[in-house]
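Below is final-v8.cif, holding mmCIF, C-alpha atoms.
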data_my_file
#
loop_
_atom_site.label_atom_id
_atom_site.label_comp_id
_atom_site.auth_asym_id
_atom_site.auth_seq_id
_atom_site.Cartn_x
_atom_site.Cartn_y
_atom_site.Cartn_z
CA MET A 1 37.03 -22.03 -41.63
CA VAL A 2 35.79 -25.16 -39.84
CA THR A 3 36.85 -26.25 -36.36
CA LYS A 4 36.07 -29.42 -34.43
CA ASP A 5 33.14 -27.53 -32.89
CA GLY A 6 31.73 -26.61 -36.26
CA PRO A 7 32.01 -23.58 -38.56
CA LYS A 8 33.70 -20.57 -37.00
CA PRO A 9 31.08 -17.79 -36.78
CA LYS A 10 31.59 -14.52 -38.56
CA PRO A 11 32.42 -11.51 -36.32
CA ARG A 12 28.97 -10.00 -36.77
CA ASP A 13 27.35 -13.36 -35.93
CA ARG A 14 29.43 -13.63 -32.80
CA ALA A 15 28.29 -10.22 -31.57
CA LYS A 16 24.65 -11.03 -32.31
CA THR A 17 24.83 -14.44 -30.65
CA GLY A 18 26.68 -13.06 -27.62
CA THR A 19 23.96 -10.47 -27.14
CA ALA A 20 21.27 -13.13 -27.50
CA ILE A 21 22.95 -15.23 -24.81
CA LEU A 22 23.17 -12.29 -22.39
CA ASP A 23 19.56 -11.34 -23.07
CA ALA A 24 18.54 -14.92 -22.33
CA VAL A 25 20.05 -14.64 -18.84
CA GLY A 26 17.75 -11.73 -18.03
CA ARG A 27 14.65 -13.48 -19.35
CA LEU A 28 15.43 -16.60 -17.31
CA ILE A 29 15.83 -14.57 -14.12
CA LEU A 30 12.41 -12.98 -14.63
CA ARG A 31 10.63 -16.17 -15.60
CA ASP A 32 12.35 -18.92 -13.62
CA GLY A 33 14.25 -17.11 -10.89
CA LEU A 34 17.96 -17.10 -10.10
CA SER A 35 18.08 -20.88 -9.68
CA GLY A 36 16.81 -21.30 -13.23
CA VAL A 37 19.95 -19.84 -14.81
CA GLY A 38 22.39 -22.48 -16.06
CA VAL A 39 24.32 -23.32 -19.21
CA ASN A 40 21.69 -25.62 -20.71
CA ALA A 41 18.81 -23.31 -19.83
CA VAL A 42 20.61 -20.25 -21.23
CA ALA A 43 21.50 -22.10 -24.43
CA ARG A 44 17.89 -23.20 -24.97
CA GLU A 45 16.53 -19.73 -24.22
CA ALA A 46 19.02 -18.07 -26.58
CA GLY A 47 18.55 -20.66 -29.32
CA ALA A 48 22.30 -21.25 -29.37
CA ASP A 49 24.62 -24.20 -28.90
CA LYS A 50 25.93 -24.32 -25.34
CA VAL A 51 29.44 -24.72 -26.80
CA LEU A 52 29.19 -21.06 -27.79
CA ILE A 53 28.70 -20.02 -24.17
CA TYR A 54 32.06 -21.54 -23.30
CA ARG A 55 33.68 -20.18 -26.46
CA TYR A 56 32.48 -16.61 -25.94
CA PHE A 57 32.55 -16.35 -22.14
CA GLY A 58 35.05 -18.99 -21.01
CA ASP A 59 32.74 -20.69 -18.50
CA LEU A 60 29.50 -20.10 -16.64
CA ASP A 61 31.16 -17.72 -14.19
CA GLY A 62 32.50 -15.78 -17.16
CA LEU A 63 28.97 -15.50 -18.52
CA TYR A 64 27.78 -14.23 -15.15
CA ARG A 65 30.52 -11.61 -15.04
CA ALA A 66 29.73 -10.47 -18.57
CA TYR A 67 26.04 -10.13 -17.74
CA ALA A 68 26.84 -8.23 -14.56
CA GLU A 69 28.89 -5.70 -16.50
CA THR A 70 26.12 -4.86 -18.95
CA GLY A 71 24.64 -1.39 -18.55
CA ASP A 72 21.15 -2.87 -18.46
CA PHE A 73 21.63 -4.30 -14.98
CA TRP A 74 22.97 -1.29 -13.07
CA TRP A 75 23.58 2.38 -13.81
CA THR A 76 27.12 3.45 -14.62
CA VAL A 77 29.09 6.02 -12.63
CA GLU A 78 29.06 8.30 -15.69
CA GLU A 79 25.26 8.14 -15.87
CA MET A 80 24.90 8.92 -12.20
CA LEU A 81 27.29 11.87 -12.36
CA ALA A 82 25.36 13.23 -15.35
CA SER A 83 22.14 13.03 -13.33
CA ILE A 84 23.74 15.02 -10.52
CA GLY A 85 24.98 17.59 -13.03
CA GLY A 86 26.01 20.86 -11.50
CA ALA A 87 24.39 20.36 -8.10
CA ALA A 88 25.62 23.20 -5.90
CA THR A 89 25.77 21.30 -2.61
CA LEU A 90 26.39 17.78 -1.41
CA ALA A 91 22.78 17.57 -0.21
CA ASP A 92 21.48 18.53 -3.65
CA ALA A 93 23.77 15.98 -5.29
CA LEU A 94 22.58 13.17 -3.02
CA LYS A 95 18.93 14.06 -3.53
CA ALA A 96 19.29 14.12 -7.31
CA GLY A 97 21.34 10.93 -7.31
CA LEU A 98 18.82 8.98 -5.26
CA ARG A 99 15.97 10.10 -7.49
CA PHE A 100 17.95 8.97 -10.53
CA HIS A 101 18.71 5.67 -8.81
CA ALA A 102 15.02 5.03 -8.17
CA ALA A 103 14.07 5.92 -11.74
CA GLU A 104 16.73 3.60 -13.14
CA MET A 105 15.75 0.71 -10.88
CA ARG A 106 12.11 1.15 -11.84
CA LYS A 107 13.12 0.64 -15.49
CA ARG A 108 15.03 -2.56 -14.68
CA PRO A 109 12.68 -5.42 -13.75
CA VAL A 110 15.52 -7.95 -13.86
CA THR A 111 17.50 -5.92 -11.33
CA LEU A 112 14.52 -5.70 -9.00
CA ALA A 113 13.95 -9.46 -9.33
CA VAL A 114 17.57 -10.07 -8.31
CA ILE A 115 17.32 -7.63 -5.39
CA ALA A 116 14.20 -9.42 -4.14
CA ALA A 117 15.72 -12.89 -4.41
CA GLU A 118 19.41 -12.43 -3.60
CA PRO A 119 19.26 -12.75 0.23
CA GLU A 120 18.16 -16.39 -0.12
CA ASN A 121 20.00 -17.16 -3.36
CA ARG A 122 23.74 -16.60 -2.98
CA THR A 123 24.50 -18.01 -6.42
CA PRO A 124 27.63 -17.19 -8.46
CA LEU A 125 25.45 -14.94 -10.60
CA VAL A 126 24.33 -12.96 -7.55
CA VAL A 127 27.94 -12.62 -6.39
CA ALA A 128 29.01 -11.33 -9.83
CA LEU A 129 26.17 -8.82 -9.93
CA GLU A 130 26.90 -7.70 -6.38
CA ALA A 131 30.57 -7.12 -7.21
CA VAL A 132 29.67 -4.76 -10.06
CA ARG A 133 27.13 -2.91 -7.94
CA GLU A 134 29.56 -2.42 -5.07
CA ARG A 135 32.42 -1.30 -7.30
CA ARG A 136 30.33 1.30 -9.06
CA SER A 137 28.90 2.58 -5.80
CA LEU A 138 32.37 2.93 -4.27
CA ASP A 139 33.71 4.65 -7.39
CA LEU A 140 30.80 7.08 -7.24
CA MET A 141 31.42 7.88 -3.57
CA LYS A 142 35.10 8.58 -4.28
CA THR A 143 34.20 11.01 -7.06
CA ILE A 144 31.57 12.80 -4.98
CA ALA A 145 34.07 13.17 -2.13
CA THR A 146 36.37 15.12 -4.44
CA ARG A 147 33.59 17.45 -5.64
CA TYR A 148 31.86 18.42 -2.42
CA ARG A 149 32.78 19.30 1.13
CA VAL A 150 31.60 16.63 3.53
CA PRO A 151 30.49 18.02 6.92
CA GLU A 152 32.51 16.78 9.87
CA GLY A 153 30.98 13.68 11.35
CA ALA A 154 28.79 12.91 8.33
CA ASP A 155 29.07 9.30 7.13
CA ILE A 156 28.05 9.59 3.48
CA PRO A 157 28.57 5.90 2.55
CA ALA A 158 26.36 4.79 5.45
CA LEU A 159 23.74 7.43 4.65
CA THR A 160 23.52 6.53 0.97
CA ALA A 161 23.61 2.79 1.70
CA LEU A 162 20.62 3.08 4.05
CA LEU A 163 18.59 5.26 1.71
CA ALA A 164 19.43 3.33 -1.46
CA ALA A 165 18.66 0.03 0.27
CA ALA A 166 15.28 1.38 1.38
CA ILE A 167 14.53 2.50 -2.16
CA ASP A 168 15.57 -0.86 -3.60
CA TYR A 169 13.48 -2.79 -1.09
CA LEU A 170 10.34 -0.74 -1.63
CA LEU A 171 10.66 -0.89 -5.41
CA ALA A 172 11.17 -4.65 -5.26
CA ARG A 173 8.08 -5.00 -3.08
CA ALA A 174 6.12 -2.73 -5.42
CA ARG A 175 6.40 -5.42 -8.08
CA SER A 176 3.66 -7.34 -6.27
CA ILE A 177 2.03 -5.06 -3.68
CA ARG A 178 0.58 -1.53 -3.74
CA VAL A 179 0.98 -0.42 -0.12
CA TYR A 180 3.77 -0.93 2.40
CA GLY A 181 3.39 0.29 5.97
CA GLY A 182 0.41 2.41 4.95
CA VAL A 183 2.40 4.16 2.19
CA ASP A 184 1.51 3.82 -1.47
CA ILE A 185 4.60 2.62 -3.37
CA LYS A 186 3.39 1.79 -6.88
CA THR A 187 3.77 4.94 -8.96
CA PRO A 188 6.25 7.83 -9.32
CA ARG A 189 3.54 10.10 -7.93
CA ASP A 190 3.34 7.95 -4.78
CA TRP A 191 7.08 8.31 -4.41
CA GLU A 192 7.01 12.09 -4.07
CA ARG A 193 5.92 11.55 -0.46
CA ILE A 194 8.81 9.16 0.09
CA PHE A 195 11.34 11.49 -1.50
CA ALA A 196 10.15 14.41 0.59
CA THR A 197 11.09 12.37 3.66
CA ILE A 198 14.39 11.26 2.11
CA ASP A 199 15.25 14.90 1.43
CA ALA A 200 14.56 15.80 5.05
CA MET A 201 16.76 12.91 6.23
CA ILE A 202 19.62 14.07 4.01
CA ASP A 203 19.30 17.66 5.25
CA GLY A 204 19.32 16.46 8.85
CA ALA A 205 22.31 14.17 8.36
CA LEU A 206 24.35 16.92 6.72
CA ALA A 207 23.36 19.72 9.10
CA PRO A 208 26.29 21.26 11.01
CA ALA A 209 26.76 19.50 14.33
CA ARG A 210 26.04 21.59 17.42
CA PRO A 211 29.00 22.07 19.76
CA LYS A 212 28.82 19.73 22.73
CA GLY A 213 27.17 21.25 25.74
CA ARG A 214 25.39 23.94 23.71
CA LYS A 215 21.73 24.27 24.61
CA ARG A 216 19.01 24.82 22.08
#
For this file, produce the structure as structure tokens.
Amino acid sequence: MVTKDGPKPKPRDRAKTGTAILDAVGRLILRDGLSGVGVNAVAREAGADKVLIYRYFGDLDGLYRAYAETGDFWWTVEEMLASIGGAATLADALKAGLRFHAAEMRKRPVTLAVIAAEPENRTPLVVALEAVRERRSLDLMKTIATRYRVPEGADIPALTALLAAAIDYLLARARSIRVYGGVDIKTPRDWERIFATIDAMIDGALAPARPKGRKR
């Protein structure tokens, strides 16, 4: 079948071309930065006609949303829950989850590039990626809240936001520097020191609150 835009691609060609287009977005982010991602640039990088971007994804924002939803950018809730497994306590679950988060971010150079650049580049692509990240994080928090008892006064969303943001920042910086604030941040072995401190922070935040007026 032939349309005004040319021959209609076969289903298997469409899947292959769609994947090539999404992969091109990631390569452009790494090579040219967030500002380098556009319809013409993506089409050239993917070796595809830009008409196909509109046909497959609707528009550029549709392409951004599709890329944001890919598992290669951010872990899924199912993956995170599997990493937590049968953790007996909320503290154990948070510790395991944050270690998994760091390991997954370390495997995703495109994600780290976005994290490093997004404060100064509030592009539609950044907004789409942020929406996916926030939704998955909120969904995860809701599930964890049903599995574990949260100590009175403990703000789990704030705690995990602070710790995950610190992890993301240090990993993003580790792309170009070896030491931050006197702490080695390049290798998983370096991170054992960081995680030891994170564990202590989690234990402290989840410790039972002392009754007011009670002396030590």
Find the spatial neighbours of region 61-70 of chain A, counting only C-alpha atoms, within a cut-off of 8 Å - ignore same-chain residues fewer than 6 positions away - and output them as JSON, numbers by chain. {"A": [22, 25, 53, 124, 125, 128, 129, 132]}
In Å, how far is it from CA of Ala131 (chain A) to CA of Ala43 (chain A)? 24.6 Å
Shell around Gly18 (chain A) at 10 Å using all atoms listed in the file, local window under 4 positions removed, as a list in words: Arg12, Asp13, Arg14, Leu22, Asp23, Ala24, Ala46, Ala48, Leu52, Ile53, Tyr56, Phe57, Leu63 and Ala66 of chain A
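Going from CA of Gly182 (chain A) over to CA of Thr111 (chain A), you cover 25.0 Å.
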Residues in the PyMOL selection byres ((chain A and resi 74) around 12), expressed as a ChimeraX atom specification: /A:67-73,75-80,100-112,114-115,129-137
For the contact check between region 55-140 of chain A and region 192-210 of chain A, emit one row per residue of region 55-140 of chain A within 9 Å, containing the shortest atom pair and the distance in Å rounded to one decimal, counting all atoms listed in the file, chain then rising number order, as a tab-separated table.
residue	atom	partner	partner_atom	distance
A:Leu90	CA	A:Leu206	CA	8.4
A:Ala91	CA	A:Ile202	CA	6.3
A:Asp92	CA	A:Asp199	CA	8.8
A:Leu94	CA	A:Ile202	CA	7.7
A:Lys95	CA	A:Asp199	CA	6.2
A:Leu98	CA	A:Phe195	CA	8.7
A:Arg99	CA	A:Phe195	CA	7.7
Just say which residues the PyMOL selection byres ((chain A and resi 39) around 10) picks in this file, as a ChimeraX atom specification. /A:21,25,36-38,40-45,49-51,53-54,59-60,63
All file atoms of region 105-120 of chain A boxed axis-aligned, 4 Å per side, centre plus edges, as AutoDock Vina command-line options:
--center_x 15.8 --center_y -7.6 --center_z -7.6 --size_x 15.3 --size_y 25.5 --size_z 23.7
Between CA of Ala20 (chain A) and CA of Tyr169 (chain A), what distance in Å does the model show, to one decimal? 29.4 Å
Find, counting all atoms listed in the file, the residue in A:Asn121, A:Tyr148, A:Gly33, A:Arg178 that gets nearest to Ala88 (chain A). A:Tyr148
Can you spell out as a ChimeraX atom specification the set of residues that the PyMOL selection byres ((chain A and resi 144) around 10) selects in the structure I just provided? /A:81,84,90,93-94,138-143,145-150,156
Report as an NGL selection string all protein, DNA and RNA residues lying within 8 Å of region 185-188 of chain A, evaluated on all atoms listed in the file, omitting residues in the same chain fewer than 4 positions from it. :A and (170-171 or 174-175 or 177-180 or 192)
Mind dumping the selected residues with C-alpha atoms as a CSV table (one decimal), in the frame of the given file?
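result15.csv, freshly written:
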chain,number,residue,atom,x,y,z
A,170,LEU,CA,10.3,-0.7,-1.6
A,171,LEU,CA,10.7,-0.9,-5.4
A,174,ALA,CA,6.1,-2.7,-5.4
A,175,ARG,CA,6.4,-5.4,-8.1
A,177,ILE,CA,2.0,-5.1,-3.7
A,178,ARG,CA,0.6,-1.5,-3.7
A,179,VAL,CA,1.0,-0.4,-0.1
A,180,TYR,CA,3.8,-0.9,2.4
A,192,GLU,CA,7.0,12.1,-4.1
